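Below you'll find the structure, written out as structure tokens, and then a few comments.
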2 protein chains.
Amino acid sequence: MYSQMGELSSRQQKILQFLIEFMDDNQYPPSVREIQDGCDISSTSVVDYNLRRLEEKGYIHRGKEISRSISLESNQSKRTIPVPILGKIAAGVPLPMPSESDVWSSDQEMLELTEDQTQGKKVFALMVEGTSMIDALINDGDIVVLEPTSSCDNGEMVAVWLKSENETTLKKFFHEGEKIRLQPMNATMSPIYVDPANIEIQGRVVTAIRSM
Amino acid sequence: MYSQMGELSSRQQKILQFLIEFMDDNQYPPSVREIQDGCDISSTSVVDYNLRRLEEKGYIHRGKEISRSISLESNQSKRTIPVPILGKIAAGVPLPMPSESDVWSSDQEMLELTEDQTQGKKVFALMVEGTSMIDALINDGDIVVLEPTSSCDNGEMVAVWLKSENETTLKKFFHEGEKIRLQPMNATMSPIYVDPANIEIQGRVVTAIRSM
DNA sequence: CCAAATCAAAAACATATGTTCTAATTAACA
DNA sequence: TGTTAATTAGAACATATGTTTTTGATTTGG
């Protein structure tokens, strides 16, 4: 019972498994002889042979004559980006604009996100407190990831500070003539119309995350 | 103008910078001589000397007599876990249970998540299609991350396959006497009562993610 | 069953690479 | 300033490590 074209032999699977675990434990790839020991293989040439096969089949990549230069082609775990949870957003709590110092203060509560989720932007996060945002499909305990901005386009979901009411909420933003319409995402809720001078946009919502 | 106790000399900063970039480009740490070249240092002993200092000060870690065994102590960006998006969940679409082969098929659409979000469990993901789940604060285009399970506790949010209707939905699960109550998360929606034989639990919702 | 391809085993080879030694140079300090 | 510690230089050493070669076993396909 052996492998076909793109398939892996049991030995190759074992090596691949070992590679993953080794690079997980240590922070560097194993040498040929470490693979040999770890997989109970009698010869380095057998390791080399199967590594060539793994490279042919696209599972790994190797540098020529470079020690420990194996890298996993698939499982290239993308690096994560630490995102600061700057605070909680709820009724009545004004939200300070994030500054560089905030982002780099180390005792900040942090969230690890992938580049997919941050979309390559310098973002910060807020924890939603209470159910006041439930109209925007955002529940108590949810985390919203925002890209800092002071302006936005129509239809974008933004964190808006209502100066007169000293309150920050998440709404959809629409510029309509002299006024600005802040639209909850639930059709059963009524929009709020405010004067442009009365609001300050704090960030555009990039992602919302809910942990159960 | 030189370094104090915990500070880094300009050469050590340069080396540290090079380490980060090198391990970012390639997937393995550099050798002493590659550091030498990359930082315009005249001798390997100088590299070794400064690497010792960097290790003393806790910036890196090295293995003895092991090539390319440098790992960054701080910037250990947490690894991400590839999560397969097995399909879409919507009205009328039965959802096959994920198998090992599914997880390893490479042409699967993938999502990169952090360990925080998967909670260390072997999870899979589904894309929500349509607004039929809006009662559970889950919108069209959202991604739900599920832990495979065939049983669950009361109150947990699960993906349930209703056999008779050949339909999979996300609901809160309650075992009540002879029947099972499947409760939407919105109080204005009515629960569904079903026979235990008529359902099959496919997974427990761990996380929900919405990208804007 | 035979021939070709695939895989494994053992040993040897070449060099990539961490380490050490000694001396020179520069910075810190009192 | 002189003395000590920190850093740099160059070279050589020891071995860790990728690679090759040869031989033999095992599988595959007709």
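By convention in this document, the chains of the structure tokens carry letters A, B, ... by their order, each chain's residues are numbered from 1, and ligands are numbered from 1 in the order they are shown.
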
Contacts of DT15 (chain D) within 10 Å, only C-alpha atoms (C1' of nucleotides), excl. fewer than 6 positions in-chain, as an mmCIF file with N, CA and C atoms (P, O5', C5', C4', C3', O3' and C1' of nucleotides), in the first residue's frame:
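Now in part-v9.cif:
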```
data_model
loop_
_atom_site.group_PDB
_atom_site.id
_atom_site.type_symbol
_atom_site.label_atom_id
_atom_site.label_comp_id
_atom_site.auth_asym_id
_atom_site.auth_seq_id
_atom_site.Cartn_x
_atom_site.Cartn_y
_atom_site.Cartn_z
ATOM 1 N N GLU B 65 26.482 24.789 19.904
ATOM 2 C CA GLU B 65 27.043 23.968 18.832
ATOM 3 C C GLU B 65 25.989 23.492 17.833
ATOM 4 P P DT C 17 26.119 27.441 6.473
ATOM 5 O "O5'" DT C 17 26.808 27.331 7.894
ATOM 6 C "C5'" DT C 17 26.606 26.164 8.655
ATOM 7 C "C4'" DT C 17 27.333 26.259 9.973
ATOM 8 C "C3'" DT C 17 27.425 27.678 10.568
ATOM 9 O "O3'" DT C 17 27.037 27.620 11.900
ATOM 10 C "C1'" DT C 17 29.501 26.627 10.656
ATOM 11 P P DG C 18 26.641 28.909 12.745
ATOM 12 O "O5'" DG C 18 27.125 28.514 14.207
ATOM 13 C "C5'" DG C 18 26.666 27.286 14.764
ATOM 14 C "C4'" DG C 18 27.668 26.776 15.788
ATOM 15 C "C3'" DG C 18 27.995 27.753 16.908
ATOM 16 O "O3'" DG C 18 28.123 27.037 18.127
ATOM 17 C "C1'" DG C 18 29.979 27.195 15.746
ATOM 18 P P DT C 19 28.457 27.842 19.471
ATOM 19 O "O5'" DT C 19 30.049 27.748 19.512
ATOM 20 C "C5'" DT C 19 30.661 26.468 19.483
ATOM 21 C "C4'" DT C 19 32.169 26.605 19.617
ATOM 22 C "C3'" DT C 19 32.627 27.591 20.705
ATOM 23 O "O3'" DT C 19 33.343 26.887 21.689
ATOM 24 C "C1'" DT C 19 33.840 27.882 18.667
#
```

*Using only C-alpha atoms (C1' of nucleotides), select each residue of chain B with any atom at most 7 Å away from an atom of chain D, and give the selection as a ChimeraX atom specification.*
/B:42-43,46

Could the residues in this selection be written to a file with all heavy atoms, as a PDB file, in the first residue's frame?
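Contents of the output file part.pdb:
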```pdb
ATOM      1  N   SER B  42      33.874  42.261  10.497  1.00  0.00           N
ATOM      2  CA  SER B  42      35.115  41.734   9.934  1.00  0.00           C
ATOM      3  C   SER B  42      35.410  40.307  10.380  1.00  0.00           C
ATOM      4  O   SER B  42      36.105  39.578   9.698  1.00  0.00           O
ATOM      5  CB  SER B  42      36.289  42.628  10.330  1.00  0.00           C
ATOM      6  OG  SER B  42      36.363  42.691  11.738  1.00  0.00           O
ATOM      7  N   SER B  43      34.873  39.876  11.515  1.00  0.00           N
ATOM      8  CA  SER B  43      35.240  38.561  12.029  1.00  0.00           C
ATOM      9  C   SER B  43      34.040  37.835  12.627  1.00  0.00           C
ATOM     10  O   SER B  43      33.138  38.460  13.194  1.00  0.00           O
ATOM     11  CB  SER B  43      36.325  38.703  13.102  1.00  0.00           C
ATOM     12  OG  SER B  43      36.566  37.449  13.707  1.00  0.00           O
ATOM     13  N   VAL B  46      33.573  38.347  16.368  1.00  0.00           N
ATOM     14  CA  VAL B  46      32.852  39.551  16.778  1.00  0.00           C
ATOM     15  C   VAL B  46      31.356  39.280  16.776  1.00  0.00           C
ATOM     16  O   VAL B  46      30.628  39.706  17.677  1.00  0.00           O
ATOM     17  CB  VAL B  46      33.188  40.731  15.848  1.00  0.00           C
ATOM     18  CG1 VAL B  46      32.362  41.947  16.206  1.00  0.00           C
ATOM     19  CG2 VAL B  46      34.670  41.044  15.913  1.00  0.00           C
TER      20      VAL B  46
END
```

Find the residues of chain A that sit at most 12 Å from chain C; for each, write down the nearest two atoms and how far apart they are in Å, to one decimal. Count only C-alpha atoms (C1' of nucleotides). Sort by chain, then by number going up, and give it as a Markdown table.
```
| residue | atom | partner | partner_atom | distance |
| --- | --- | --- | --- | --- |
| A:Tyr2 | CA | C:DT6 | C1' | 10.6 |
| A:Ser3 | CA | C:DT6 | C1' | 10.8 |
| A:Gln4 | CA | C:DT6 | C1' | 11.6 |
| A:Ser9 | CA | C:DC7 | C1' | 10.4 |
| A:Arg11 | CA | C:DC7 | C1' | 10.6 |
| A:Gln12 | CA | C:DC7 | C1' | 11.6 |
| A:Ile41 | CA | C:DA8 | C1' | 9.3 |
| A:Ser42 | CA | C:DA9 | C1' | 6.7 |
| A:Ser43 | CA | C:DA9 | C1' | 6.3 |
| A:Thr44 | CA | C:DA9 | C1' | 9.3 |
| A:Ser45 | CA | C:DA9 | C1' | 8.4 |
| A:Val46 | CA | C:DA8 | C1' | 6.5 |
| A:Val47 | CA | C:DA8 | C1' | 10.0 |
| A:Asp48 | CA | C:DA8 | C1' | 11.5 |
| A:Tyr49 | CA | C:DC7 | C1' | 8.7 |
| A:Asn50 | CA | C:DC7 | C1' | 9.2 |
| A:Arg53 | CA | C:DC7 | C1' | 11.3 |
| A:Lys64 | CA | C:DA16 | C1' | 11.1 |
| A:Glu65 | CA | C:DA16 | C1' | 7.6 |
| A:Ile66 | CA | C:DA16 | C1' | 7.2 |
| A:Ser67 | CA | C:DA16 | C1' | 7.4 |
| A:Arg68 | CA | C:DA16 | C1' | 11.0 |
```

Find the nearest atom pair between each residue of chain B and chain A for residues within 9 Å, count only C-alpha atoms, give distances in Å to one decimal, sort rows by chain and ascending number, and present the table as a Markdown table.
```
| residue | atom | partner | partner_atom | distance |
| --- | --- | --- | --- | --- |
| B:Asn26 | CA | A:Ser71 | CA | 8.2 |
| B:Gln27 | CA | A:Ser71 | CA | 5.6 |
| B:Tyr28 | CA | A:Ser69 | CA | 5.9 |
| B:Pro29 | CA | A:Tyr28 | CA | 6.6 |
| B:Ser31 | CA | A:Ser67 | CA | 8.7 |
| B:Ser67 | CA | A:Ser67 | CA | 7.0 |
| B:Arg68 | CA | A:Arg68 | CA | 6.9 |
| B:Ser69 | CA | A:Tyr28 | CA | 5.9 |
| B:Ile70 | CA | A:Tyr28 | CA | 7.4 |
| B:Ser71 | CA | A:Gln27 | CA | 5.6 |
| B:Leu72 | CA | A:Gln27 | CA | 8.3 |
| B:Gln76 | CA | A:Gln27 | CA | 8.9 |
| B:Ser77 | CA | A:Thr80 | CA | 5.7 |
| B:Lys78 | CA | A:Thr80 | CA | 6.3 |
| B:Arg79 | CA | A:Ser77 | CA | 6.0 |
| B:Thr80 | CA | A:Ser77 | CA | 5.3 |
| B:Ile81 | CA | A:Ser77 | CA | 6.9 |
| B:Pro82 | CA | A:Asn75 | CA | 7.5 |
| B:Ser106 | CA | A:Ser74 | CA | 7.9 |
| B:Leu111 | CA | A:Asp116 | CA | 8.3 |
| B:Glu112 | CA | A:Thr114 | CA | 6.6 |
| B:Leu113 | CA | A:Thr114 | CA | 6.7 |
| B:Thr114 | CA | A:Glu112 | CA | 6.6 |
| B:Glu115 | CA | A:Glu112 | CA | 8.7 |
| B:Asp116 | CA | A:Glu112 | CA | 7.5 |
| B:Gln117 | CA | A:Ser211 | CA | 7.3 |
| B:Ile134 | CA | A:Leu137 | CA | 7.9 |
| B:Ala136 | CA | A:Leu137 | CA | 8.5 |
| B:Leu137 | CA | A:Leu137 | CA | 4.8 |
| B:Ile138 | CA | A:Leu137 | CA | 6.9 |
| B:Asn139 | CA | A:Leu137 | CA | 7.6 |
| B:Glu156 | CA | A:Met212 | CA | 8.5 |
| B:Met157 | CA | A:Met212 | CA | 8.1 |
| B:Val205 | CA | A:Met212 | CA | 6.9 |
| B:Val206 | CA | A:Met212 | CA | 5.2 |
| B:Thr207 | CA | A:Ser211 | CA | 4.5 |
| B:Ala208 | CA | A:Arg210 | CA | 5.0 |
| B:Ile209 | CA | A:Ile209 | CA | 4.6 |
| B:Arg210 | CA | A:Ala208 | CA | 5.0 |
| B:Ser211 | CA | A:Thr207 | CA | 4.5 |
| B:Met212 | CA | A:Val206 | CA | 5.2 |
```

Store the residues picked out above in a file with C-alpha atoms, as a PDB file, in the first residue's frame.
```
ATOM      1  CA  ASN B  26      13.871  33.101   4.768  1.00  0.00           C
ATOM      2  CA  GLN B  27      12.135  30.750   7.112  1.00  0.00           C
ATOM      3  CA  TYR B  28      15.246  29.824   9.043  1.00  0.00           C
ATOM      4  CA  PRO B  29      17.769  31.671  11.187  1.00  0.00           C
ATOM      5  CA  SER B  31      24.451  31.450  10.309  1.00  0.00           C
ATOM      6  CA  SER B  67      23.952  25.749  13.515  1.00  0.00           C
ATOM      7  CA  ARG B  68      21.325  28.389  12.889  1.00  0.00           C
ATOM      8  CA  SER B  69      19.813  27.871  16.313  1.00  0.00           C
ATOM      9  CA  ILE B  70      19.129  31.506  17.063  1.00  0.00           C
ATOM     10  CA  SER B  71      15.601  32.359  18.078  1.00  0.00           C
ATOM     11  CA  LEU B  72      14.194  35.707  19.038  1.00  0.00           C
ATOM     12  CA  GLN B  76       7.960  35.336  19.209  1.00  0.00           C
ATOM     13  CA  SER B  77       4.888  36.252  17.245  1.00  0.00           C
ATOM     14  CA  LYS B  78       2.424  33.600  18.186  1.00  0.00           C
ATOM     15  CA  ARG B  79       1.949  31.010  15.563  1.00  0.00           C
ATOM     16  CA  THR B  80      -1.249  30.915  13.616  1.00  0.00           C
ATOM     17  CA  ILE B  81      -3.330  27.877  12.892  1.00  0.00           C
ATOM     18  CA  PRO B  82      -4.686  27.236   9.435  1.00  0.00           C
ATOM     19  CA  SER B 106      -4.338  21.681   0.221  1.00  0.00           C
ATOM     20  CA  LEU B 111      -8.389  30.951   7.272  1.00  0.00           C
ATOM     21  CA  GLU B 112      -5.519  31.869   9.564  1.00  0.00           C
ATOM     22  CA  LEU B 113      -6.484  32.092  13.195  1.00  0.00           C
ATOM     23  CA  THR B 114      -4.564  32.572  16.393  1.00  0.00           C
ATOM     24  CA  GLU B 115      -4.599  30.113  19.232  1.00  0.00           C
ATOM     25  CA  ASP B 116      -6.694  32.561  21.214  1.00  0.00           C
ATOM     26  CA  GLN B 117      -9.445  32.263  18.696  1.00  0.00           C
ATOM     27  CA  ILE B 134     -29.497  37.108  11.567  1.00  0.00           C
ATOM     28  CA  ALA B 136     -28.324  34.798  16.095  1.00  0.00           C
ATOM     29  CA  LEU B 137     -26.461  38.051  15.470  1.00  0.00           C
ATOM     30  CA  ILE B 138     -24.764  36.400  12.548  1.00  0.00           C
ATOM     31  CA  ASN B 139     -24.961  38.068   9.186  1.00  0.00           C
ATOM     32  CA  GLU B 156     -24.274  26.141  23.842  1.00  0.00           C
ATOM     33  CA  MET B 157     -24.490  27.472  20.341  1.00  0.00           C
ATOM     34  CA  VAL B 205     -19.515  27.513  17.730  1.00  0.00           C
ATOM     35  CA  VAL B 206     -16.282  28.795  19.197  1.00  0.00           C
ATOM     36  CA  THR B 207     -15.869  32.115  17.472  1.00  0.00           C
ATOM     37  CA  ALA B 208     -17.669  34.307  14.996  1.00  0.00           C
ATOM     38  CA  ILE B 209     -15.823  36.724  12.761  1.00  0.00           C
ATOM     39  CA  ARG B 210     -17.152  39.476  10.581  1.00  0.00           C
ATOM     40  CA  SER B 211     -15.023  41.326   8.082  1.00  0.00           C
ATOM     41  CA  MET B 212     -16.257  44.676   6.850  1.00  0.00           C
TER      42      MET B 212
END
```

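For the pair CA of Ile85 (chain B) and CA of Glu56 (chain A), the interatomic distance is 26.7 Å.
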
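Pairwise distance (CA of Pro191 (chain B), CA of Val158 (chain B)) equals 14.2 Å.
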
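Summary of the local environment: counting only C-alpha atoms (C1' of nucleotides), residues at most 12 Å from Lys179 (chain A), other than itself and those fewer than 6 positions away along its chain, are A:Phe173, A:Pro191, A:Ile192, A:Tyr193, A:Val194, A:Asp195, A:Pro196, A:Ala197, A:Asn198, A:Ile199.
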
*To one decimal place, how far is CA of Leu86 (chain A) from CA of Asn166 (chain A) in Å?*
17.9 Å
